[in-house]
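Q: What follows is input24.txt; its format and atoms are compact mmCIF, C-alpha atoms.
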# COMPACT_ATOMS: atom_id res chain seq x y z
CA MET A 1 -33.77 12.14 9.43
CA ILE A 2 -34.46 14.69 12.16
CA TRP A 3 -33.42 18.21 11.19
CA GLN A 4 -33.18 19.46 14.79
CA LEU A 5 -30.69 16.69 15.58
CA ASP A 6 -28.79 17.47 12.36
CA ILE A 7 -28.41 21.12 13.28
CA LEU A 8 -27.31 20.24 16.83
CA ILE A 9 -24.67 17.76 15.63
CA LEU A 10 -23.44 20.11 12.88
CA THR A 11 -23.06 22.95 15.40
CA ILE A 12 -20.93 20.79 17.69
CA VAL A 13 -18.93 19.57 14.66
CA VAL A 14 -18.09 23.16 13.67
CA ILE A 15 -17.19 24.03 17.27
CA CYS A 16 -14.88 20.99 17.48
CA ALA A 17 -13.25 21.74 14.13
CA VAL A 18 -12.56 25.39 15.00
CA SER A 19 -11.29 24.63 18.50
CA ALA A 20 -9.00 21.85 17.19
CA ILE A 21 -7.17 24.54 15.22
CA TRP A 22 -7.46 27.14 17.96
CA VAL A 23 -6.08 25.28 21.01
CA LYS A 24 -2.35 25.51 21.71
CA ASP A 25 -1.84 21.98 23.11
CA LEU A 26 -1.22 19.33 20.44
CA LEU A 27 -2.72 16.48 22.50
CA SER A 28 -5.96 18.41 23.04
CA SER A 29 -6.02 19.11 19.32
CA ALA A 30 -5.75 15.39 18.53
CA ILE A 31 -8.50 14.50 20.98
CA LEU A 32 -10.75 17.23 19.55
CA LEU A 33 -10.19 15.78 16.07
CA GLY A 34 -11.27 12.41 17.46
CA VAL A 35 -14.44 13.97 18.83
CA TYR A 36 -15.01 15.63 15.44
CA SER A 37 -14.67 12.27 13.67
CA PHE A 38 -17.04 10.59 16.08
CA LEU A 39 -19.69 13.28 15.65
CA MET A 40 -19.32 12.99 11.88
CA CYS A 41 -19.84 9.24 12.32
CA ILE A 42 -23.11 9.89 14.20
CA LEU A 43 -24.13 12.30 11.47
CA TRP A 44 -23.48 9.78 8.68
CA ALA A 45 -25.39 7.08 10.56
CA GLU A 46 -28.27 9.49 11.11
CA LEU A 47 -28.34 10.34 7.39
CA GLY A 48 -28.59 6.63 6.56
CA ALA A 49 -25.06 6.02 5.25
CA VAL A 50 -24.18 3.26 7.71
CA ASP A 51 -21.18 1.96 5.76
CA VAL A 52 -19.56 5.38 5.64
CA ALA A 53 -20.31 5.82 9.35
CA PHE A 54 -18.58 2.52 10.10
CA THR A 55 -15.48 3.57 8.15
CA GLU A 56 -15.46 6.96 9.87
CA ALA A 57 -15.66 5.33 13.31
CA ALA A 58 -12.96 2.74 12.58
CA VAL A 59 -10.49 4.96 10.72
CA GLY A 60 -11.26 8.53 11.75
CA ALA A 61 -12.02 8.11 15.42
CA GLY A 62 -9.97 4.97 16.11
CA ILE A 63 -6.83 4.55 14.06
CA SER A 64 -5.96 8.13 13.10
CA THR A 65 -6.30 9.39 16.68
CA ALA A 66 -3.85 6.67 17.76
CA PHE A 67 -1.50 7.71 14.94
CA PHE A 68 -1.70 11.37 15.98
CA ILE A 69 -1.00 10.53 19.61
CA GLY A 70 1.91 8.31 18.57
CA ALA A 71 3.36 11.17 16.53
CA ILE A 72 2.80 13.72 19.32
CA TYR A 73 4.79 11.54 21.76
CA GLN A 74 7.81 12.15 19.51
CA THR A 75 7.61 15.92 20.06
CA THR A 76 8.64 17.98 23.07
CA ARG A 77 6.43 20.38 24.93
CA ARG A 78 8.58 23.46 24.36
CA THR A 79 11.05 24.23 21.60
CA LYS A 80 14.70 23.74 22.45
CA ASP A 81 15.98 26.93 20.76
CA MET B 1 8.83 5.78 23.38
CA ILE B 2 5.96 3.71 24.78
CA LYS B 3 7.10 2.50 28.19
CA ASP B 4 5.77 -0.49 30.06
CA PHE B 5 4.09 1.28 32.96
CA ASP B 6 2.60 -0.69 35.79
CA ASN B 7 -1.15 -0.24 35.94
CA ILE B 8 -3.01 -3.47 36.52
CA ILE B 9 -6.43 -2.06 35.60
CA ILE B 10 -5.38 -0.82 32.15
CA LYS B 11 -3.42 -3.98 31.41
CA THR B 12 -6.19 -6.36 32.48
CA VAL B 13 -8.94 -4.50 30.65
CA CYS B 14 -6.93 -4.31 27.43
CA ARG B 15 -5.90 -7.96 27.65
CA ILE B 16 -9.50 -9.12 28.16
CA LEU B 17 -10.88 -6.74 25.50
CA THR B 18 -8.49 -7.76 22.72
CA PRO B 19 -10.00 -11.18 21.77
CA PHE B 20 -13.49 -9.71 21.62
CA LEU B 21 -12.23 -6.94 19.35
CA GLN B 22 -10.64 -9.49 17.05
CA ILE B 23 -13.75 -11.69 16.96
CA PHE B 24 -15.83 -8.62 16.09
CA ALA B 25 -13.34 -7.71 13.35
CA LEU B 26 -13.61 -11.21 11.86
CA TYR B 27 -17.41 -10.89 11.98
CA VAL B 28 -17.22 -7.57 10.14
CA ILE B 29 -14.96 -9.08 7.46
CA ALA B 30 -17.08 -12.22 7.03
CA HIS B 31 -20.39 -10.33 6.80
CA GLY B 32 -19.03 -7.57 4.58
CA HIS B 33 -21.41 -8.22 1.70
CA TYR B 34 -24.57 -8.68 3.80
CA SER B 35 -24.27 -5.82 6.30
CA PRO B 36 -22.22 -2.64 6.77
CA GLY B 37 -18.54 -3.38 6.99
CA GLY B 38 -16.05 -5.17 4.83
CA GLY B 39 -12.39 -5.86 4.45
CA PHE B 40 -11.16 -2.34 5.10
CA GLN B 41 -13.17 -1.71 8.26
CA GLY B 42 -12.52 -5.18 9.66
CA GLY B 43 -8.81 -4.86 8.93
CA CYS B 44 -8.76 -1.50 10.69
CA ILE B 45 -10.39 -3.02 13.79
CA LEU B 46 -7.93 -5.96 13.71
CA GLY B 47 -5.04 -3.50 13.51
CA ALA B 48 -6.57 -1.41 16.29
CA SER B 49 -6.60 -4.42 18.61
CA PHE B 50 -2.83 -4.76 18.22
CA ILE B 51 -2.38 -0.99 18.62
CA LEU B 52 -4.35 -1.23 21.89
CA LEU B 53 -1.87 -3.88 23.06
CA VAL B 54 1.06 -1.64 22.09
CA ILE B 55 -0.42 1.23 24.10
CA ALA B 56 -1.27 -0.88 27.17
CA TYR B 57 1.93 -2.96 27.21
CA ASP B 58 4.93 -2.08 25.07
CA ILE B 59 6.25 -2.72 21.58
CA ASP B 60 8.20 -5.85 22.50
CA THR B 61 5.08 -7.62 23.80
CA VAL B 62 3.35 -7.15 20.47
CA LYS B 63 6.41 -7.99 18.41
CA LYS B 64 6.58 -11.35 20.19
CA ARG B 65 3.09 -12.12 18.84
CA MET B 66 3.36 -10.33 15.50
CA SER B 67 6.98 -10.07 14.41
CA GLU B 68 8.12 -7.64 11.75
CA LYS B 69 8.88 -10.49 9.36
CA LEU B 70 5.39 -12.01 9.73
CA ASN B 71 3.90 -8.55 9.37
CA THR B 72 5.67 -7.93 6.06
CA VAL B 73 4.76 -11.39 4.77
CA MET B 74 1.08 -10.86 5.63
CA CYS B 75 1.18 -7.41 4.04
CA SER B 76 2.14 -9.02 0.73
CA LEU B 77 -0.08 -12.08 1.24
CA GLY B 78 -3.27 -10.00 1.17
CA VAL B 79 -2.26 -8.37 -2.11
CA ILE B 80 -1.43 -11.81 -3.54
CA ILE B 81 -4.86 -13.16 -2.51
CA TYR B 82 -6.59 -10.18 -4.12
CA ALA B 83 -4.59 -10.30 -7.34
CA GLY B 84 -4.70 -14.10 -7.43
CA ILE B 85 -8.49 -14.24 -7.36
CA GLY B 86 -8.63 -11.56 -10.03
CA LEU B 87 -6.12 -13.33 -12.22
CA THR B 88 -7.90 -16.66 -11.76
CA CYS B 89 -11.02 -15.06 -13.22
CA LEU B 90 -8.90 -13.67 -16.05
CA ILE B 91 -7.36 -17.08 -16.79
CA LEU B 92 -10.77 -18.79 -16.79
CA GLY B 93 -11.92 -16.47 -19.56
CA ALA B 94 -13.87 -13.69 -17.84
CA ASN B 95 -12.98 -10.11 -16.91
CA TYR B 96 -10.62 -9.22 -14.04
CA LEU B 97 -12.45 -9.81 -10.70
CA ASP B 98 -15.52 -11.21 -12.46
CA TYR B 99 -16.27 -13.81 -9.78
CA GLY B 100 -19.14 -15.55 -11.54
CA ILE B 101 -16.73 -17.56 -13.66
CA LEU B 102 -15.23 -19.12 -10.52
CA HIS B 103 -17.91 -21.84 -10.53
CA ARG B 104 -15.68 -23.77 -12.90
CA VAL B 105 -13.04 -24.32 -10.21
CA LEU B 106 -15.27 -24.24 -7.11
CA PRO B 107 -17.82 -27.01 -6.47
CA VAL B 108 -20.76 -24.53 -6.32
CA ASP B 109 -23.01 -22.75 -8.79
CA ALA B 110 -22.38 -19.29 -10.27
CA VAL B 111 -24.34 -17.26 -7.69
CA LYS B 112 -22.62 -18.93 -4.76
CA ALA B 113 -19.25 -18.60 -6.49
CA ARG B 114 -19.81 -14.85 -6.79
CA ALA B 115 -20.41 -14.55 -3.03
CA MET B 116 -17.36 -16.69 -2.24
CA GLY B 117 -15.17 -14.64 -4.57
CA THR B 118 -16.26 -11.47 -2.78
CA LEU B 119 -15.45 -13.09 0.57
CA GLY B 120 -11.96 -13.99 -0.68
CA ILE B 121 -11.36 -10.40 -1.78
CA GLU B 122 -12.52 -9.11 1.63
CA ILE B 123 -10.14 -11.49 3.42
CA GLY B 124 -7.22 -10.32 1.29
CA VAL B 125 -8.01 -6.66 1.87
CA GLY B 126 -8.45 -7.27 5.61
CA ILE B 127 -5.06 -8.99 5.99
CA THR B 128 -3.23 -6.22 4.13
CA VAL B 129 -4.96 -3.37 5.95
CA MET B 130 -4.29 -4.97 9.35
CA SER B 131 -0.56 -5.44 8.79
CA VAL B 132 -0.10 -2.02 7.18
CA MET B 133 -1.85 -0.33 10.13
CA ILE B 134 0.35 -2.18 12.65
CA SER B 135 3.45 -1.34 10.62
CA ILE B 136 2.57 2.36 10.37
CA PHE B 137 1.87 2.61 14.09
CA LEU B 138 5.06 0.79 15.12
CA ASN B 139 7.10 3.03 12.84
CA ILE B 140 5.46 6.21 14.16
CA ALA B 141 5.60 5.17 17.82
CA SER B 142 9.27 4.21 17.79
CA GLY B 143 10.47 6.95 15.47
CA GLY B 144 11.42 4.36 12.84
CA LYS B 145 13.91 2.61 15.14
CA HIS B 146 11.96 -0.47 16.22
CA GLU B 147 13.73 -2.80 13.79
CA GLU B 148 17.09 -2.28 15.48
CA GLY B 149 15.70 -3.05 18.91
CA ALA B 150 16.38 0.51 20.03
CA ILE B 151 13.23 0.98 22.06
CA ASP B 152 13.36 3.28 25.05
I need this file expressed as structure tokens, please.
A:
Amino acid sequence: MIWQLDILILTIVVICAVSAIWVKDLLSSAILLGVYSFLMCILWAELGAVDVAFTEAAVGAGISTAFFIGAIYQTTRRTKD
Amino acid sequence: MIKDFDNIIIKTVCRILTPFLQIFALYVIAHGHYSPGGGFQGGCILGASFILLVIAYDIDTVKKRMSEKLNTVMCSLGVIIYAGIGLTCLILGANYLDYGILHRVLPVDAVKARAMGTLGIEIGVGITVMSVMISIFLNIASGGKHEEGAID
């Protein structure tokens, strides 16, 4: 456990989480959530919880990003009304 | 929604990558009680390999390999494996999912029977998670219309 690395990863995690809410484009938001999940996966692995890190990588970064992108394809870029 | 667009690089890479993904998923399921991983993670990777095929090709290509009927059957099959192993333990006189008692029906001793019971549970969980992930993605990607063949 390296506290400098922890602080670096946690800073990027907070930046990703805030900017995923802040950006206007839905696709960018989904990709930023994927980056957030992947950084959380690195953080879990670095803290020694390898099983949780594996789940986070498979579900958070892999499957749920694909689900978000599949749902975003159903929307339109601008509202019709 | 997902169209079959012509890009030979994406198609070839995804087609070559898919068997390796599935082998890795089977490894994760089979080694779930020795190393990180297990039924849920392995099932997610197995489902992700089919989702990769949906994204690179289209829905029809995947439905030829994994039809909706087979998907639903496998979704229930995993639950039946899980509950069946648990109920077998119950019938043999132990608690629900108490695998040690399985040495009465398996030709191994109690310690080995415990490991094999865990492996059976992982396989059941993996099958169910895989088919549910594929089903969720197909329903999201086609807007719930993929059963009627209305894919555009």
Q: Return as a list in words the residues belonging to chain B that are within 7 Å of chain A, counting all atoms listed in the file.
A: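 The selection requested is Pro36, Gly37, Gln41, Cys44, Ile45, Ala48, Phe137, Ile140 and Ala141 of chain B.
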Q: Rounded to one decimal in Å, what is the spacing between atom CA of B:Tyr34 and atom CA of B:Leu119?
A: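 Atom CA of B:Leu119 lies 10.6 Å from atom CA of B:Tyr34.
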Q: How many Å separate atom CA of A:Ile31 from atom CA of B:Ile55?
A: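 That distance, rounded to one decimal, is 15.8 Å.
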Q: Could you check how far atom CA of B:Ile8 sits from atom CA of B:Val62, in Å to one decimal?
A: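 Separating atom CA of B:Ile8 from atom CA of B:Val62 is a distance of 17.7 Å.
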Q: Pick the closest to B:Ile81 from B:Ser67, B:Thr61, B:Thr118, B:Ser49: which is it, counting only C-alpha atoms?
A: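 Selected residue with least distance to B:Ile81: B:Thr118.
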Q: Give me the residues within 10 Å of B:Glu68 as a list in words, counting all atoms listed in the file and dropping any in the same chain fewer than 2 places off.
A: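 These residues fall inside the cut-off: Val62, Lys63, Lys64, Arg65, Met66, Leu70, Asn71, Thr72, Val73, Met74, Ser131, Ile134, Ser135, Leu138, His146 and Glu147 of chain B.
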Q: Select all residues near (-19.0, -18.9, -10.3) (cut-off 6 Å, inclusive, file coordinates), counting all atoms listed in the file, and output them as a PyMOL selection string.
A: chain B and resi 99-103+109-110+113-114
Q: Please provide the set of residues having any atom within 7 Å of stretch 5-22 of chain A, restricted to all atoms listed in the file, with same-chain residues fewer than 5 positions apart removed, written as a PDB file with C-alpha atoms, keeping the file's coordinate frame.
A:
ATOM      1  CA  SER A  29      -6.020  19.110  19.320  1.00  0.00           C
ATOM      2  CA  LEU A  32     -10.750  17.230  19.550  1.00  0.00           C
ATOM      3  CA  LEU A  33     -10.190  15.780  16.070  1.00  0.00           C
ATOM      4  CA  TYR A  36     -15.010  15.630  15.440  1.00  0.00           C
ATOM      5  CA  LEU A  39     -19.690  13.280  15.650  1.00  0.00           C
ATOM      6  CA  LEU A  43     -24.130  12.300  11.470  1.00  0.00           C
TER       7      LEU A  43
END
Q: Skipping near chain neighbours, those fewer than 2 positions away, what residues fall within 12 Å of B:Cys14 using all atoms listed in the file, listed as a list of chain:residue names?
A: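 After dropping sequence-adjacent residues, the list is B:Asn7, B:Ile8, B:Ile9, B:Ile10, B:Lys11, B:Thr12, B:Ile16, B:Leu17, B:Thr18, B:Pro19, B:Phe20, B:Leu21, B:Ala48, B:Ser49, B:Phe50, B:Ile51, B:Leu52, B:Leu53, B:Val54, B:Ile55, B:Ala56, B:Tyr57.
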Q: How about saving the chosen residues, C-alpha atoms kept, as a CSV table (one decimal), in the coordinates of the input?
A:
chain,number,residue,atom,x,y,z
B,7,ASN,CA,-1.2,-0.2,35.9
B,8,ILE,CA,-3.0,-3.5,36.5
B,9,ILE,CA,-6.4,-2.1,35.6
B,10,ILE,CA,-5.4,-0.8,32.2
B,11,LYS,CA,-3.4,-4.0,31.4
B,12,THR,CA,-6.2,-6.4,32.5
B,16,ILE,CA,-9.5,-9.1,28.2
B,17,LEU,CA,-10.9,-6.7,25.5
B,18,THR,CA,-8.5,-7.8,22.7
B,19,PRO,CA,-10.0,-11.2,21.8
B,20,PHE,CA,-13.5,-9.7,21.6
B,21,LEU,CA,-12.2,-6.9,19.4
B,48,ALA,CA,-6.6,-1.4,16.3
B,49,SER,CA,-6.6,-4.4,18.6
B,50,PHE,CA,-2.8,-4.8,18.2
B,51,ILE,CA,-2.4,-1.0,18.6
B,52,LEU,CA,-4.4,-1.2,21.9
B,53,LEU,CA,-1.9,-3.9,23.1
B,54,VAL,CA,1.1,-1.6,22.1
B,55,ILE,CA,-0.4,1.2,24.1
B,56,ALA,CA,-1.3,-0.9,27.2
B,57,TYR,CA,1.9,-3.0,27.2
Q: When you write stretch 60-78 of chain B out from the block above, keep N, CA and C atoms and present the result as a short mmCIF file (atom, residue, chain, number, x, y, z; two decimals), in the first residue's frame, please.
A:
data_model
loop_
_atom_site.label_atom_id
_atom_site.label_comp_id
_atom_site.auth_asym_id
_atom_site.auth_seq_id
_atom_site.Cartn_x
_atom_site.Cartn_y
_atom_site.Cartn_z
N ASP B 60 -28.33 -10.48 -35.35
CA ASP B 60 -28.69 -11.75 -35.99
C ASP B 60 -27.55 -12.76 -35.94
N THR B 61 -26.30 -12.27 -36.09
CA THR B 61 -25.14 -13.17 -36.07
C THR B 61 -25.05 -13.89 -34.74
N VAL B 62 -25.32 -13.16 -33.66
CA VAL B 62 -25.23 -13.77 -32.34
C VAL B 62 -26.44 -14.67 -32.09
N LYS B 63 -27.60 -14.26 -32.58
CA LYS B 63 -28.79 -15.07 -32.32
C LYS B 63 -28.74 -16.39 -33.08
N LYS B 64 -27.90 -16.46 -34.15
CA LYS B 64 -27.72 -17.75 -34.82
C LYS B 64 -26.95 -18.70 -33.91
N ARG B 65 -25.99 -18.17 -33.14
CA ARG B 65 -25.21 -19.01 -32.24
C ARG B 65 -25.90 -19.23 -30.91
N MET B 66 -26.58 -18.21 -30.41
CA MET B 66 -27.21 -18.28 -29.09
C MET B 66 -28.63 -17.76 -29.24
N SER B 67 -29.55 -18.68 -29.57
CA SER B 67 -30.91 -18.23 -29.84
C SER B 67 -31.61 -17.84 -28.53
N GLU B 68 -32.72 -17.15 -28.68
CA GLU B 68 -33.43 -16.66 -27.50
C GLU B 68 -33.96 -17.83 -26.67
N LYS B 69 -34.37 -18.90 -27.37
CA LYS B 69 -34.89 -20.07 -26.66
C LYS B 69 -33.79 -20.72 -25.81
N LEU B 70 -32.62 -20.93 -26.45
CA LEU B 70 -31.49 -21.53 -25.73
C LEU B 70 -31.07 -20.65 -24.56
N ASN B 71 -31.13 -19.34 -24.79
CA ASN B 71 -30.74 -18.39 -23.75
C ASN B 71 -31.65 -18.52 -22.53
N THR B 72 -32.97 -18.60 -22.78
CA THR B 72 -33.91 -18.73 -21.67
C THR B 72 -33.73 -20.05 -20.95
N VAL B 73 -33.50 -21.12 -21.74
CA VAL B 73 -33.32 -22.44 -21.12
C VAL B 73 -32.09 -22.44 -20.23
N MET B 74 -30.97 -21.83 -20.72
CA MET B 74 -29.75 -21.81 -19.93
C MET B 74 -29.89 -20.93 -18.70
N CYS B 75 -30.71 -19.87 -18.84
CA CYS B 75 -30.97 -18.99 -17.70
C CYS B 75 -31.60 -19.78 -16.55
N SER B 76 -32.54 -20.67 -16.89
CA SER B 76 -33.18 -21.48 -15.84
C SER B 76 -32.30 -22.64 -15.41
N LEU B 77 -31.48 -23.15 -16.36
CA LEU B 77 -30.65 -24.32 -16.06
C LEU B 77 -29.66 -24.05 -14.93
N GLY B 78 -29.07 -22.83 -14.94
CA GLY B 78 -28.12 -22.48 -13.89
C GLY B 78 -28.77 -22.47 -12.52
#
